[in-house]
Amino acid sequence: MESIDPKCTKLKHEFDACFTWWYSEKFLKGSKTNDCEQAFRKYQECVKQALKDKGLSKMINDARPSIGSRFDTE
């Protein structure tokens with residue numbers, strides 16, 4: 001599956017692969033380590049920038065206050 005922006009797709013695939021490995025090899029065996037945090041953070045930053053570039057961050061932030069949630073774009 002592609003990401004919201006082609007620039008983020010490689011990072012998404014890296015995170016997906018890490019998460020699948022972690023879930024099957026670590027989590028299901030009882031480990032609660034966060035082995036994929038670095039891959040997630042890189043992908044998250046790319047997506048945040050893509051949303052900002054597409055003008056979607058403000059729309060997301062405007063829609064979320066009613067549930068007490070915020071999409072932090074900083």
# chains A, B, ... in the order shown; residues from 1 in each chain; ligands from 1
$ residues_around --residues "Leu51 of chain A" --least-positions-apart "4" --cutoff "10 Å" --atoms "only C-alpha atoms" --output "compact mmCIF listing (two decimals) with all heavy atoms, in the first residue's frame"
# COMPACT_ATOMS: atom_id res chain seq x y z
N ILE A 4 0.42 8.49 1.84
CA ILE A 4 -0.30 9.68 1.41
C ILE A 4 0.52 10.50 0.41
O ILE A 4 -0.01 11.23 -0.40
CB ILE A 4 -0.72 10.56 2.61
CG1 ILE A 4 -1.63 11.68 2.15
CG2 ILE A 4 0.49 11.09 3.35
CD1 ILE A 4 -2.33 12.41 3.27
N ASP A 5 1.83 10.36 0.46
CA ASP A 5 2.72 11.07 -0.45
C ASP A 5 3.78 10.08 -0.92
O ASP A 5 4.33 9.33 -0.11
CB ASP A 5 3.38 12.25 0.29
CG ASP A 5 4.16 13.15 -0.63
OD1 ASP A 5 5.11 12.66 -1.28
OD2 ASP A 5 3.84 14.34 -0.69
N GLU A 45 7.10 11.85 10.66
CA GLU A 45 7.54 13.18 10.26
C GLU A 45 7.27 13.42 8.77
O GLU A 45 6.87 14.51 8.38
CB GLU A 45 9.02 13.38 10.57
CG GLU A 45 9.30 13.54 12.05
CD GLU A 45 8.51 14.66 12.69
OE1 GLU A 45 8.47 15.78 12.13
OE2 GLU A 45 7.90 14.42 13.75
N CYS A 46 7.49 12.42 7.96
CA CYS A 46 7.24 12.54 6.53
C CYS A 46 5.75 12.78 6.28
O CYS A 46 5.37 13.65 5.49
CB CYS A 46 7.71 11.28 5.80
SG CYS A 46 7.63 11.44 4.00
N VAL A 47 4.90 12.02 6.95
CA VAL A 47 3.45 12.18 6.78
C VAL A 47 2.99 13.55 7.27
O VAL A 47 2.20 14.22 6.60
CB VAL A 47 2.68 11.05 7.50
CG1 VAL A 47 1.19 11.35 7.57
CG2 VAL A 47 2.92 9.72 6.80
N GLY A 55 -1.93 21.10 2.66
CA GLY A 55 -2.90 21.98 3.30
C GLY A 55 -3.95 21.25 4.13
O GLY A 55 -5.03 21.77 4.37
N LEU A 56 -3.62 20.07 4.59
CA LEU A 56 -4.60 19.26 5.34
C LEU A 56 -4.44 19.35 6.85
O LEU A 56 -5.37 19.01 7.58
CB LEU A 56 -4.49 17.79 4.90
CG LEU A 56 -4.82 17.53 3.44
CD1 LEU A 56 -4.53 16.08 3.10
CD2 LEU A 56 -6.27 17.88 3.14
N SER A 57 -3.30 19.81 7.34
CA SER A 57 -3.06 19.85 8.79
C SER A 57 -4.08 20.72 9.52
O SER A 57 -4.61 20.33 10.55
CB SER A 57 -1.65 20.36 9.09
OG SER A 57 -0.71 19.47 8.60
N LYS A 58 -4.35 21.91 8.97
CA LYS A 58 -5.31 22.81 9.61
C LYS A 58 -6.70 22.17 9.63
O LYS A 58 -7.39 22.23 10.64
CB LYS A 58 -5.36 24.16 8.91
CG LYS A 58 -6.33 25.12 9.57
CD LYS A 58 -6.30 26.47 8.92
CE LYS A 58 -7.26 27.48 9.49
NZ LYS A 58 -8.26 27.09 10.42
N MET A 59 -7.10 21.55 8.55
CA MET A 59 -8.41 20.91 8.49
C MET A 59 -8.51 19.80 9.54
O MET A 59 -9.52 19.69 10.23
CB MET A 59 -8.65 20.33 7.10
CG MET A 59 -10.02 19.67 6.96
SD MET A 59 -10.27 18.98 5.32
CE MET A 59 -9.11 17.64 5.34
N ILE A 60 -7.47 19.03 9.69
CA ILE A 60 -7.47 17.95 10.69
C ILE A 60 -7.56 18.55 12.08
O ILE A 60 -8.36 18.10 12.91
CB ILE A 60 -6.23 17.06 10.53
CG1 ILE A 60 -6.31 16.27 9.23
CG2 ILE A 60 -6.08 16.12 11.73
CD1 ILE A 60 -5.04 15.55 8.85
N THR A 73 1.32 19.17 14.46
CA THR A 73 2.11 19.28 13.24
C THR A 73 3.46 19.93 13.49
O THR A 73 4.20 20.22 12.58
CB THR A 73 1.36 20.12 12.18
OG1 THR A 73 1.03 21.39 12.75
CG2 THR A 73 0.11 19.40 11.73
$ residues_around --residues "segment 42-44 of chain A" --least-positions-apart "4" --cutoff "7 Å" --atoms "only C-alpha atoms" --output "ChimeraX atom specification"
/A:8,11-12,38,48
$ atom_distance --atom1 "atom CA of Cys18 of chain A" --atom2 "atom CA of Asp35 of chain A"
7.9 Å
$ closest_residue --among "A:Ala63, A:Trp22, A:Leu28, A:Ala50" --to "Ser3 of chain A" --atoms "only C-alpha atoms"
A:Ala50
$ closest_residue --among "A:Lys32, A:Met1, A:Lys54, A:Phe27" --to "Glu14 of chain A" --atoms "only C-alpha atoms"
A:Met1
